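**Student:** Have a look at this one before I ask anything.
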Amino acid sequence: MRAERALKGDDEFWGTVSPGVARLLRPHVADVADRMIAEIQQRVPEYARPEDEVYIKVLRLSVNQALRGFLERIENPRAPWDPEVFRTIGRGEAAEGRDLEPLQTAMRLGARVAWRRLTEQSEQLGLDPKTLYDLGEAIFVYLDQLAEAAARGFAEARAHAAGEVERRRRRLLDLLLTRPPASPEAVADLARTAGWRLPRTVAGVALEEHDGGSPLPVLPPDVLAGLDRNLPCLVVPDPGGAGRVQALESALRGWRAAIGPAVPLAAAANSLGWAREALDLGTRGVLPRPGLLRCTDHMATLVVFKDEDLVAALAEVRLAPLAHLRRTQQDRLAETLLAWLRHGRGVAEVAAALHVHPQTVRYRLRQIEQLYGDALADPDVRFELEIALRARQARVGPPGDA
């Protein structure tokens, strides 16, 4: 039968059965419907709801509609036919949270019951073998058409639901990034409708496409994405979870990205703001560019560069004793002074950090003492010097990189 159908369009088969057959079968519709419903409820657990009168009513209505539609197609094969009822059934299956397998099983069972009843009553109804054959073929055609309509409704409902969830997640992202922060109640309500579990902490991720051909990243389902925003970004829930950041880094290959520190939900905008500052510093070469920039690895630099004008003014004051030296001398003494401040002012530690001989460190430190005098004994001066020297190193790099 299926091979023969491949040679014709499905609709052509409706003209092969005499319209008078529909009049013969119509008085038996109620009996066949009862048998189909009983078989479906017995064999398909998802449809066994004896306590749900509304659901049973819908099932009966669907079966009767299918049988009446079948007879109408035989009786009027050229009449327009719109299987909207079965598209609606497909949408209902999606709304129930089921896949299509129970529905498809129910439809196959119903077709089997109808065919079995036809063969049992063929002699009584006066159906010759050719008519019976054509009816069987029409049942298979009709089953395929109903299944296609249900599948279309199912797909439409799923797509609509997915689109609605995605719209809610975008609104949730907007809400999380507003300043001042939205109320916790508003966030919780929207998160619930978006199917997003409220995390303990979040981190903002700032993104910059590496090139126009970068594919969209495949992100974990709980990450809120704003890839189409003017400034692309993500909000990652509970970023401290095992393997979370590593998985994110893998997904973002082809993108320049920076992830802010983990913060409470209400501070998501702050985390994203710091991530954007880190990304900007990476673009300028102050921070390393390869891979995912992690703000927690560069907090001191982010603090130093928070107000560059103020840091520049501080540097002008604190680094003034070096200003008259040649650039190479400035670089070497600045590097040595920063290492001395960072490593507890021990000569051996400074020499190891700079990979130079301790005598070289002592020589440079004597020069620094001559330039700064007693000021190095003041802890506030040392603190400000470290800020200024860190900023200088971030801008110009170590002496060998200049």
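Residue numbers start at 1 in each chain; chains themselves are named A, B, ... in the order of the structure tokens; ligands are numbered from 1 in the order shown.
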Sorted by chain and rising residue number, which residues of segment 13-76 of chain A lie within 12 Å of segment 146-157 of chain A, and what are their closest atom pairs and distances in Å to one decimal, counting only C-alpha atoms, as a Markdown table?
**Tutor:**
```
| residue | atom | partner | partner_atom | distance |
| --- | --- | --- | --- | --- |
| A:Ser62 | CA | A:Leu146 | CA | 11.1 |
| A:Val63 | CA | A:Leu146 | CA | 11.5 |
| A:Gln65 | CA | A:Leu146 | CA | 11.1 |
| A:Ala66 | CA | A:Leu146 | CA | 8.3 |
| A:Leu67 | CA | A:Leu146 | CA | 11.3 |
| A:Gly69 | CA | A:Leu146 | CA | 10.1 |
| A:Phe70 | CA | A:Leu146 | CA | 10.2 |
```
**Student:** Just the helix (DSSP H, G or I) stuff from segment 42-186 of chain A, please, per backbone DSSP, written as a PyMOL selection string.
**Tutor:** chain A and resi 42-43+45-47+53-75+84-95+101-125+129-176+184-186
**Student:** Segment 104-110 of chain A: which residues within 6 Å, counting only C-alpha atoms, same-chain residues fewer than 3 positions away excluded, as a list of chain:residue names?
**Tutor:**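 Selected residues are A:Met36, A:Ile40, A:Glu101, A:Val113.
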**Student:** Can you pull out every residue within 12 Å of Thr193 of chain A, counting only C-alpha atoms, but drop anything in the same chain fewer than 6 positions away, and send it as a list in words?
**Tutor:**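 Result of the neighbour search: Ala161, Glu164, Val165, Glu166, Arg167, Arg168, Arg169, Arg170, Arg171, Leu172, Ala186 and Val187 of chain A.
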**Student:** Residues of the last selection are to be written out with N, CA, C and O atoms, as a compact mmCIF listing (two decimals), in the first residue's frame.
**Tutor:**
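Below is the file again_23.txt, written as the result:
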```txt
# COMPACT_ATOMS: atom_id res chain seq x y z
N ALA A 161 6.16 28.61 23.23
CA ALA A 161 6.55 28.55 24.65
C ALA A 161 8.01 28.92 24.82
O ALA A 161 8.38 29.67 25.73
N GLU A 164 8.41 32.62 24.33
CA GLU A 164 7.90 33.38 25.47
C GLU A 164 8.88 33.31 26.64
O GLU A 164 9.14 34.31 27.31
N VAL A 165 9.41 32.12 26.88
CA VAL A 165 10.40 31.97 27.96
C VAL A 165 11.62 32.82 27.66
O VAL A 165 12.16 33.49 28.56
N GLU A 166 12.05 32.80 26.40
CA GLU A 166 13.23 33.59 26.04
C GLU A 166 12.96 35.08 26.22
O GLU A 166 13.82 35.83 26.71
N ARG A 167 11.76 35.54 25.86
CA ARG A 167 11.42 36.96 26.07
C ARG A 167 11.43 37.30 27.56
O ARG A 167 11.91 38.36 27.97
N ARG A 168 10.91 36.40 28.38
CA ARG A 168 10.90 36.66 29.82
C ARG A 168 12.32 36.67 30.38
O ARG A 168 12.63 37.48 31.27
N ARG A 169 13.17 35.79 29.87
CA ARG A 169 14.55 35.77 30.34
C ARG A 169 15.28 37.04 29.94
O ARG A 169 16.13 37.55 30.69
N ARG A 170 14.96 37.58 28.77
CA ARG A 170 15.58 38.85 28.37
C ARG A 170 15.10 39.98 29.27
O ARG A 170 15.89 40.86 29.65
N ARG A 171 13.81 39.98 29.59
CA ARG A 171 13.30 41.00 30.51
C ARG A 171 13.94 40.84 31.89
O ARG A 171 14.25 41.84 32.56
N LEU A 172 14.15 39.60 32.30
CA LEU A 172 14.80 39.34 33.58
C LEU A 172 16.23 39.88 33.57
O LEU A 172 16.68 40.50 34.55
N ALA A 186 10.09 41.79 42.56
CA ALA A 186 9.92 41.86 41.11
C ALA A 186 10.84 40.87 40.40
O ALA A 186 10.44 40.19 39.45
N VAL A 187 12.08 40.78 40.88
CA VAL A 187 13.02 39.83 40.29
C VAL A 187 12.55 38.40 40.49
O VAL A 187 12.57 37.58 39.57
```
**Student:** May I ask which of the residues A:Arg78, A:Gly136, A:Ala388, A:Ala159 is the closest one to Ala95 of chain A, counting only C-alpha atoms?
**Tutor:**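 When distances to Ala95 of chain A are compared using only C-alpha atoms, the smallest one comes from A:Ala159.
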**Student:** So which residues touch Leu322 of chain A within 12 Å, counting only C-alpha atoms, skipping near sequence neighbours fewer than 3 positions away, as a list in words?
**Tutor:**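 Here the answer would be Ala315, Glu316, Val317, Arg318, Leu319, Leu325, Arg326, Arg327, Thr328, Gln329, Gln330, Asp331, Arg332, Leu333, Ala334, Glu335, Leu337, Gln367, Ile368, Glu369, Gln370, Leu371, Tyr372, Leu385 and Leu389 of chain A.
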**Student:** Among segment 175-240 of chain A, which residues carry a DSSP assignment of strand (DSSP E), reported as a list of chain:residue names?
**Tutor:** A:Thr201, A:Val202, A:Ala203, A:Gly204, A:Val205, A:Ala206, A:Leu207, A:Glu208, A:Glu209, A:Leu224, A:Ala225, A:Gly226, A:Cys233, A:Leu234, A:Val235, A:Val236, A:Pro237
**Student:** Those same residues, written as an mmCIF file, in the first residue's frame with C-alpha atoms?
**Tutor:**
```cif
data_model
loop_
_atom_site.group_PDB
_atom_site.id
_atom_site.type_symbol
_atom_site.label_atom_id
_atom_site.label_comp_id
_atom_site.auth_asym_id
_atom_site.auth_seq_id
_atom_site.Cartn_x
_atom_site.Cartn_y
_atom_site.Cartn_z
ATOM 1 C CA THR A 201 25.393 34.748 43.684
ATOM 2 C CA VAL A 202 25.863 35.867 40.084
ATOM 3 C CA ALA A 203 28.675 37.216 37.937
ATOM 4 C CA GLY A 204 28.415 39.555 34.981
ATOM 5 C CA VAL A 205 30.309 38.715 31.797
ATOM 6 C CA ALA A 206 31.261 41.431 29.312
ATOM 7 C CA LEU A 207 31.719 40.281 25.716
ATOM 8 C CA GLU A 208 33.308 41.600 22.581
ATOM 9 C CA GLU A 209 33.088 39.621 19.365
ATOM 10 C CA LEU A 224 21.066 34.664 30.960
ATOM 11 C CA ALA A 225 22.347 35.918 27.614
ATOM 12 C CA GLY A 226 22.177 39.375 26.053
ATOM 13 C CA CYS A 233 26.815 40.445 28.068
ATOM 14 C CA LEU A 234 25.845 37.447 30.178
ATOM 15 C CA VAL A 235 24.732 36.879 33.741
ATOM 16 C CA VAL A 236 26.087 33.610 35.153
ATOM 17 C CA PRO A 237 24.370 32.128 38.217
#
```
**Student:** Give the answer as one residue: which of A:Leu341, A:Asp374, A:Ala320, A:Ile387 has the shortest atom-to-atom distance to Lys306 of chain A, using only C-alpha atoms?
**Tutor:** A:Ile387
**Student:** Would you list the contacts of Leu135 of chain A as an mmCIF file with C-alpha atoms, in the first residue's frame, taking every protein, DNA or RNA residue within 9 Å and counting only C-alpha atoms, but skipping same-chain residues closer than 6 positions in sequence?
**Tutor:**
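This is the output file part_20.cif:
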```
data_model
loop_
_atom_site.group_PDB
_atom_site.id
_atom_site.type_symbol
_atom_site.label_atom_id
_atom_site.label_comp_id
_atom_site.auth_asym_id
_atom_site.auth_seq_id
_atom_site.Cartn_x
_atom_site.Cartn_y
_atom_site.Cartn_z
ATOM 1 C CA THR A 16 -11.040 5.991 -4.909
ATOM 2 C CA VAL A 17 -13.711 5.169 -2.304
ATOM 3 C CA TRP A 115 -9.755 -1.203 10.538
ATOM 4 C CA LEU A 118 -14.417 -2.660 9.267
#
```
**Student:** With only C-alpha atoms as the counted atoms, please give the residues lying no more than 8 Å from segment 249-259 of chain A, apart from itself and same-chain residues fewer than 6 positions off, as a list in words.
**Tutor:**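 My reading of the contact set: Ala203, Gly204, Val205, Ala206, Leu207, Glu208, Glu209, His210, Asp211, Ser214, Pro215, Pro217, Val218, Leu219, Ser271, Leu272, Ala275, Arg276, Ala278, Leu279, Arg289, Pro290, Gly291, Leu292, Leu293, Arg294 and Cys295 of chain A.
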**Student:** Could you state the separation of atom CA of Pro199 of chain A and atom CA of Pro180 of chain A in Å, given to one decimal place?
**Tutor:**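 Atom CA of Pro199 of chain A sits 19.6 Å away from atom CA of Pro180 of chain A.
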**Student:** Quick one: of A:Ala114, A:Ala323, A:Val350, A:Val58, who's nearest to Glu39 of chain A, counting only C-alpha atoms?
**Tutor:**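 Closest candidate: A:Ala114.
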